[in-house]
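So this one's coords05.cif, mmCIF, C-alpha atoms:
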```cif
data_model
loop_
_atom_site.group_PDB
_atom_site.id
_atom_site.type_symbol
_atom_site.label_atom_id
_atom_site.label_comp_id
_atom_site.auth_asym_id
_atom_site.auth_seq_id
_atom_site.Cartn_x
_atom_site.Cartn_y
_atom_site.Cartn_z
ATOM 1 C CA MET A 1 -12.504 9.290 -3.511
ATOM 2 C CA GLN A 2 -14.451 8.460 -6.646
ATOM 3 C CA ILE A 3 -14.191 5.542 -9.087
ATOM 4 C CA ALA A 4 -14.966 6.518 -12.686
ATOM 5 C CA GLN A 5 -17.380 4.443 -14.830
ATOM 6 C CA PHE A 6 -18.622 2.225 -12.024
ATOM 7 C CA HIS A 7 -21.787 0.148 -11.641
ATOM 8 C CA ASP A 8 -22.686 -0.240 -7.977
ATOM 9 C CA VAL A 9 -23.497 -3.956 -8.239
ATOM 10 C CA ARG A 10 -21.738 -6.963 -6.739
ATOM 11 C CA PHE A 11 -20.260 -9.889 -8.640
ATOM 12 C CA PRO A 12 -22.109 -13.145 -7.719
ATOM 13 C CA GLU A 13 -20.900 -14.228 -4.269
ATOM 14 C CA ASP A 14 -21.234 -17.957 -4.926
ATOM 15 C CA ILE A 15 -18.685 -17.601 -7.743
ATOM 16 C CA SER A 16 -16.332 -15.176 -5.997
ATOM 17 C CA TYR A 17 -16.109 -17.718 -3.160
ATOM 18 C CA GLY A 18 -14.138 -20.060 -5.435
ATOM 19 C CA SER A 19 -11.861 -17.392 -6.921
ATOM 20 C CA SER A 20 -8.106 -17.050 -6.624
ATOM 21 C CA GLY A 21 -5.944 -13.959 -6.201
ATOM 22 C CA GLY A 22 -5.375 -11.052 -3.856
ATOM 23 C CA PRO A 23 -3.450 -7.795 -3.424
ATOM 24 C CA GLY A 24 -0.036 -7.135 -4.899
ATOM 25 C CA PHE A 25 2.588 -4.386 -5.029
ATOM 26 C CA LYS A 26 5.003 -3.171 -7.685
ATOM 27 C CA THR A 27 8.649 -3.025 -6.662
ATOM 28 C CA SER A 28 11.602 -2.687 -9.018
ATOM 29 C CA VAL A 29 14.846 -4.311 -7.916
ATOM 30 C CA ILE A 30 18.200 -3.127 -9.264
ATOM 31 C CA ASP A 31 21.220 -5.384 -8.819
ATOM 32 C CA LEU A 32 24.332 -3.318 -8.078
ATOM 33 C CA ALA A 33 27.873 -4.191 -9.141
ATOM 34 C CA SER A 34 28.746 -4.767 -5.494
ATOM 35 C CA GLY A 35 26.236 -7.595 -5.248
ATOM 36 C CA HIS A 36 23.860 -5.501 -3.178
ATOM 37 C CA GLU A 37 20.471 -4.452 -4.474
ATOM 38 C CA GLN A 38 18.353 -1.331 -4.543
ATOM 39 C CA ARG A 39 14.588 -1.644 -4.211
ATOM 40 C CA ASN A 40 12.249 1.075 -5.410
ATOM 41 C CA ILE A 41 8.612 1.146 -4.290
ATOM 42 C CA GLU A 42 6.641 2.131 -7.391
ATOM 43 C CA TRP A 43 3.123 1.848 -5.959
ATOM 44 C CA SER A 44 2.214 3.422 -2.637
ATOM 45 C CA LEU A 45 -0.968 1.327 -2.511
ATOM 46 C CA ALA A 46 -1.529 -2.341 -3.316
ATOM 47 C CA ARG A 47 -3.622 -3.388 -6.297
ATOM 48 C CA ALA A 48 -5.471 -6.694 -6.202
ATOM 49 C CA VAL A 49 -5.931 -9.108 -9.094
ATOM 50 C CA TYR A 50 -8.267 -12.107 -9.129
ATOM 51 C CA ASP A 51 -9.306 -14.961 -11.384
ATOM 52 C CA VAL A 52 -12.923 -16.020 -10.922
ATOM 53 C CA ALA A 53 -12.967 -18.895 -13.425
ATOM 54 C CA TYR A 54 -12.347 -21.425 -10.640
ATOM 55 C CA GLY A 55 -15.613 -20.499 -8.927
ATOM 56 C CA ILE A 56 -17.789 -21.649 -11.832
ATOM 57 C CA LYS A 57 -19.114 -25.133 -11.129
ATOM 58 C CA GLU A 58 -22.465 -25.247 -12.957
ATOM 59 C CA ARG A 59 -24.011 -24.084 -16.228
ATOM 60 C CA GLU A 60 -26.254 -21.645 -14.357
ATOM 61 C CA GLN A 61 -23.190 -19.968 -12.859
ATOM 62 C CA MET A 62 -21.625 -19.620 -16.303
ATOM 63 C CA GLU A 63 -24.827 -17.993 -17.528
ATOM 64 C CA ASP A 64 -24.734 -15.604 -14.565
ATOM 65 C CA VAL A 65 -21.145 -14.610 -15.352
ATOM 66 C CA LEU A 66 -21.969 -14.189 -19.040
ATOM 67 C CA GLU A 67 -24.871 -11.859 -18.218
ATOM 68 C CA PHE A 68 -22.745 -9.926 -15.730
ATOM 69 C CA PHE A 69 -19.904 -9.591 -18.257
ATOM 70 C CA MET A 70 -22.221 -8.356 -21.012
ATOM 71 C CA ALA A 71 -23.850 -5.759 -18.730
ATOM 72 C CA ARG A 72 -20.413 -4.417 -17.752
ATOM 73 C CA ARG A 73 -19.350 -4.276 -21.446
ATOM 74 C CA GLY A 74 -16.156 -6.167 -20.680
ATOM 75 C CA LYS A 75 -13.546 -3.788 -19.268
ATOM 76 C CA ALA A 76 -15.763 -0.707 -19.565
ATOM 77 C CA TYR A 77 -17.478 -0.590 -16.170
ATOM 78 C CA GLY A 78 -16.288 -1.459 -12.703
ATOM 79 C CA PHE A 79 -18.244 -3.329 -10.050
ATOM 80 C CA ARG A 80 -18.075 -4.626 -6.482
ATOM 81 C CA PHE A 81 -16.264 -7.865 -5.643
ATOM 82 C CA LYS A 82 -16.212 -9.732 -2.332
ATOM 83 C CA ASP A 83 -12.715 -10.927 -1.432
ATOM 84 C CA TRP A 84 -13.554 -13.764 0.949
ATOM 85 C CA MET A 85 -10.077 -13.599 2.462
ATOM 86 C CA ASP A 86 -10.379 -9.943 3.496
ATOM 87 C CA PHE A 87 -13.814 -8.314 3.664
ATOM 88 C CA PHE A 88 -14.263 -7.256 7.304
ATOM 89 C CA LEU A 89 -13.020 -4.220 9.186
ATOM 90 C CA ALA A 90 -13.194 -4.943 12.917
ATOM 91 C CA ARG A 91 -13.812 -1.919 15.129
ATOM 92 C CA GLN A 92 -10.908 0.416 14.457
ATOM 93 C CA SER A 93 -10.046 4.074 14.887
ATOM 94 C CA ILE A 94 -9.647 6.089 11.691
ATOM 95 C CA GLY A 95 -8.198 8.998 13.631
ATOM 96 C CA VAL A 96 -9.320 12.304 15.069
ATOM 97 C CA ALA A 97 -11.679 14.214 12.769
ATOM 98 C CA THR A 98 -9.926 17.379 11.615
ATOM 99 C CA THR A 99 -12.118 18.135 8.582
ATOM 100 C CA ASN A 100 -15.737 17.615 7.525
ATOM 101 C CA GLN A 101 -14.846 14.345 5.791
ATOM 102 C CA THR A 102 -12.803 11.409 7.042
ATOM 103 C CA GLN A 103 -11.817 8.473 4.828
ATOM 104 C CA VAL A 104 -12.265 4.950 6.165
ATOM 105 C CA TYR A 105 -9.176 2.769 5.961
ATOM 106 C CA LYS A 106 -8.029 -0.592 7.271
ATOM 107 C CA ARG A 107 -4.725 -0.692 9.115
ATOM 108 C CA TYR A 108 -2.563 -3.808 8.831
ATOM 109 C CA GLU A 109 -0.016 -4.529 11.600
ATOM 110 C CA PRO A 110 -1.439 -1.674 13.685
ATOM 111 C CA LEU A 111 0.838 -2.313 16.661
ATOM 112 C CA THR A 112 4.078 -1.935 14.713
ATOM 113 C CA ALA A 113 5.925 0.987 13.174
ATOM 114 C CA HIS A 114 5.567 -0.653 9.745
ATOM 115 C CA PHE A 115 1.765 -0.518 9.540
ATOM 116 C CA TYR A 116 -0.004 -0.260 6.184
ATOM 117 C CA ASP A 117 -3.206 1.759 5.666
ATOM 118 C CA ARG A 118 -5.588 0.584 2.937
ATOM 119 C CA PRO A 119 -8.381 3.003 1.916
ATOM 120 C CA ILE A 120 -11.794 1.320 2.023
ATOM 121 C CA LEU A 121 -14.016 2.705 -0.743
ATOM 122 C CA LYS A 122 -16.981 0.352 -1.124
ATOM 123 C CA ILE A 123 -18.866 -0.377 2.084
ATOM 124 C CA VAL A 124 -21.434 -3.184 2.301
ATOM 125 C CA PRO A 125 -24.868 -1.747 3.187
ATOM 126 C CA ASP A 126 -26.336 -2.505 6.623
ATOM 127 C CA THR A 127 -23.006 -3.640 8.118
ATOM 128 C CA VAL A 128 -21.837 -0.267 9.479
ATOM 129 C CA SER A 129 -21.271 0.795 13.090
ATOM 130 C CA LEU A 130 -19.765 4.197 13.944
ATOM 131 C CA TRP A 131 -18.484 5.778 17.156
ATOM 132 C CA ALA A 132 -17.224 9.238 18.087
ATOM 133 C CA ASN A 133 -15.228 9.382 21.326
ATOM 134 C CA ASN A 134 -16.579 5.895 22.110
ATOM 135 C CA VAL A 135 -20.229 6.978 21.743
ATOM 136 C CA PRO A 136 -22.321 5.360 18.940
ATOM 137 C CA ILE A 137 -23.312 7.750 16.151
ATOM 138 C CA ASN A 138 -25.558 7.505 13.087
ATOM 139 C CA ALA A 139 -24.240 4.831 10.686
ATOM 140 C CA ALA A 140 -25.752 6.793 7.773
ATOM 141 C CA LEU A 141 -22.923 9.313 8.152
ATOM 142 C CA LEU A 142 -20.727 6.820 6.284
ATOM 143 C CA ASN A 143 -21.176 7.028 2.501
ATOM 144 C CA ILE A 144 -21.183 3.393 1.363
ATOM 145 C CA THR A 145 -20.122 4.272 -2.200
ATOM 146 C CA THR A 146 -17.033 6.324 -1.269
ATOM 147 C CA GLY A 147 -16.033 5.143 2.212
ATOM 148 C CA ILE A 148 -16.121 8.726 3.528
ATOM 149 C CA VAL A 149 -17.590 9.605 6.928
ATOM 150 C CA ASN A 150 -19.312 12.977 7.317
ATOM 151 C CA THR A 151 -17.585 14.220 10.480
ATOM 152 C CA THR A 152 -18.852 17.826 10.382
ATOM 153 C CA SER A 153 -20.401 17.524 13.839
ATOM 154 C CA TYR A 154 -17.484 15.607 15.343
ATOM 155 C CA ILE A 155 -14.402 17.747 14.714
ATOM 156 C CA GLY A 156 -11.759 16.967 17.325
ATOM 157 C CA GLN A 157 -13.292 13.595 18.241
ATOM 158 C CA THR A 158 -11.859 10.128 17.613
ATOM 159 C CA ILE A 159 -13.869 8.285 14.961
ATOM 160 C CA GLU A 160 -14.144 4.499 14.992
ATOM 161 C CA VAL A 161 -15.660 2.248 12.340
ATOM 162 C CA GLU A 162 -16.714 -1.380 11.964
ATOM 163 C CA CYS A 163 -18.075 -2.703 8.674
ATOM 164 C CA GLU A 164 -17.829 -5.150 5.810
ATOM 165 C CA PHE A 165 -16.410 -3.936 2.505
ATOM 166 C CA ASP A 166 -16.047 -4.872 -1.163
ATOM 167 C CA VAL A 167 -13.172 -4.337 -3.588
ATOM 168 C CA PRO A 168 -13.881 -2.132 -6.645
ATOM 169 C CA VAL A 169 -12.743 -4.115 -9.707
ATOM 170 C CA ARG A 170 -13.306 -4.494 -13.440
ATOM 171 C CA PHE A 171 -12.917 -7.354 -15.891
ATOM 172 C CA ASP A 172 -9.397 -7.364 -17.309
ATOM 173 C CA THR A 173 -10.566 -8.777 -20.616
ATOM 174 C CA ASP A 174 -12.934 -7.644 -23.359
ATOM 175 C CA GLU A 175 -13.365 -11.124 -24.832
ATOM 176 C CA ILE A 176 -15.538 -14.070 -23.880
ATOM 177 C CA LYS A 177 -13.655 -17.360 -24.194
ATOM 178 C CA ILE A 178 -16.138 -20.042 -23.179
ATOM 179 C CA ALA A 179 -15.132 -23.597 -24.072
ATOM 180 C CA HIS A 180 -17.905 -26.161 -24.682
ATOM 181 C CA ASP A 181 -16.191 -29.139 -23.071
ATOM 182 C CA ASP A 182 -19.122 -31.528 -23.182
ATOM 183 C CA TRP A 183 -22.914 -31.573 -23.337
ATOM 184 C CA GLU A 184 -24.121 -28.977 -20.799
ATOM 185 C CA LEU A 185 -20.533 -28.641 -19.564
ATOM 186 C CA MET A 186 -18.742 -25.364 -20.259
ATOM 187 C CA SER A 187 -15.660 -23.615 -18.938
ATOM 188 C CA TRP A 188 -13.940 -20.259 -19.263
ATOM 189 C CA PRO A 189 -10.231 -20.986 -18.608
ATOM 190 C CA SER A 190 -9.392 -17.568 -17.158
ATOM 191 C CA ILE A 191 -11.619 -14.670 -16.089
ATOM 192 C CA PRO A 192 -9.269 -11.982 -14.767
ATOM 193 C CA LEU A 193 -10.380 -9.087 -12.559
ATOM 194 C CA ILE A 194 -8.242 -6.133 -11.513
ATOM 195 C CA GLU A 195 -8.758 -3.630 -8.684
ATOM 196 C CA LEU A 196 -9.689 -0.057 -9.556
ATOM 197 C CA LYS A 197 -7.993 2.932 -7.947
ATOM 198 C CA PRO A 198 -9.751 6.258 -7.312
ATOM 199 C CA ARG A 199 -8.770 9.372 -9.198
#
```

Could you render the structure from this file as structure tokens?
Amino acid sequence: MQIAQFHDVRFPEDISYGSSGGPGFKTSVIDLASGHEQRNIEWSLARAVYDVAYGIKEREQMEDVLEFFMARRGKAYGFRFKDWMDFFLARQSIGVATTNQTQVYKRYEPLTAHFYDRPILKIVPDTVSLWANNVPINAALLNITTGIVNTTSYIGQTIEVECEFDVPVRFDTDEIKIAHDDWELMSWPSIPLIELKPR
């Protein structure tokens, strides 16, 4: 799974730590004449949105965000973002390898029939552990830019993964709106980010 127009760099962690937001779905609800309702799931996968303005506490951080924004040309290029609420995949099976490539995903509510599988696309370097049939294998088999494991040599074996991951996002604005509140005190009321989906 590839993300178009993407810079493989991470948004400053000290600022993402103070951000707000998270994943969301799109569901349309139709009220019927009977008083019942019909719900239609319009997105099969969640899409996260964030606001990183709340993480800016100092002038130096504002300068960092300004530089990062300019280098991404506003909305033009995506980048990595650490969601401090959900960035770790504990050791988990991603299934039996049936092809040469197996996509990493995180399963939510794995012990129920209503589980949700989230594809993991951007792996954090040097955090990967891999197993095939419970035997450790080379962590380099996992492509950290796509989240795909090369399972050519492990067809028919159960693949397990543990790693940290980032969310691929972009700025959801093309305009800088920095307010000069006081001497050496600046703010940017809202800096929206939105998750990118692979083509």

Non-local contacts of Ser93 in chain A (8 Å; all atoms listed in the file; under 3 positions in same chain excluded) as a PyMOL selection string: chain A and resi 158-161

For Pro119 in chain A: contacts at 10 Å, only C-alpha atoms, fewer than 3 positions along chain excluded, given as a tab-separated table (two decimals) with C-alpha atoms, in the coordinates of the input:
```tsv
chain	number	residue	atom	x	y	z
A	1	MET	CA	-12.50	9.29	-3.51
A	45	LEU	CA	-0.97	1.33	-2.51
A	103	GLN	CA	-11.82	8.47	4.83
A	104	VAL	CA	-12.26	4.95	6.16
A	105	TYR	CA	-9.18	2.77	5.96
A	106	LYS	CA	-8.03	-0.59	7.27
A	107	ARG	CA	-4.72	-0.69	9.12
A	116	TYR	CA	0.00	-0.26	6.18
A	122	LYS	CA	-16.98	0.35	-1.12
A	146	THR	CA	-17.03	6.32	-1.27
A	147	GLY	CA	-16.03	5.14	2.21
A	148	ILE	CA	-16.12	8.73	3.53
A	197	LYS	CA	-7.99	2.93	-7.95
A	198	PRO	CA	-9.75	6.26	-7.31
```

Result set, the PyMOL selection byres ((chain A and resi 78) around 8) on current file, as a PDB file with C-alpha atoms, in the frame of the given file:
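Just written: out-v3.pdb:
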```pdb
ATOM      1  CA  GLN A   5     -17.380   4.443 -14.830  1.00  0.00           C
ATOM      2  CA  PHE A   6     -18.622   2.225 -12.024  1.00  0.00           C
ATOM      3  CA  HIS A   7     -21.787   0.148 -11.641  1.00  0.00           C
ATOM      4  CA  ARG A  72     -20.413  -4.417 -17.752  1.00  0.00           C
ATOM      5  CA  LYS A  75     -13.546  -3.788 -19.268  1.00  0.00           C
ATOM      6  CA  ALA A  76     -15.763  -0.707 -19.565  1.00  0.00           C
ATOM      7  CA  TYR A  77     -17.478  -0.590 -16.170  1.00  0.00           C
ATOM      8  CA  PHE A  79     -18.244  -3.329 -10.050  1.00  0.00           C
ATOM      9  CA  ARG A  80     -18.075  -4.626  -6.482  1.00  0.00           C
ATOM     10  CA  PRO A 168     -13.881  -2.132  -6.645  1.00  0.00           C
ATOM     11  CA  VAL A 169     -12.743  -4.115  -9.707  1.00  0.00           C
ATOM     12  CA  ARG A 170     -13.306  -4.494 -13.440  1.00  0.00           C
ATOM     13  CA  PHE A 171     -12.917  -7.354 -15.891  1.00  0.00           C
ATOM     14  CA  LEU A 196      -9.689  -0.057  -9.556  1.00  0.00           C
TER      15      LEU A 196
END
```

Nearest to Gly18 in chain A by atom-to-atom distance, counting only C-alpha atoms, from A:Asp166, A:Glu42, A:Asp83, A:Asp126: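 Among A:Asp166, A:Glu42, A:Asp83, A:Asp126, it is A:Asp83 that comes nearest to Gly18 in chain A.
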
Residue with smallest distance to Ser153 in chain A - pool A:Asn100, A:Leu130, A:Leu66, A:Ile15, counting only C-alpha atoms: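 Of A:Asn100, A:Leu130, A:Leu66, A:Ile15, the one nearest Ser153 in chain A, counting only C-alpha atoms, is A:Asn100.
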
Atom-to-atom span, CA of Ala53 in chain A and CA of Ser19 in chain A, Å: 6.8 Å

Output check: residues returned by the PyMOL selection byres ((chain A and resi 98) around 10), as an MDAnalysis selection string: chainID A and resid 95:97 99:102 151:152 154:158
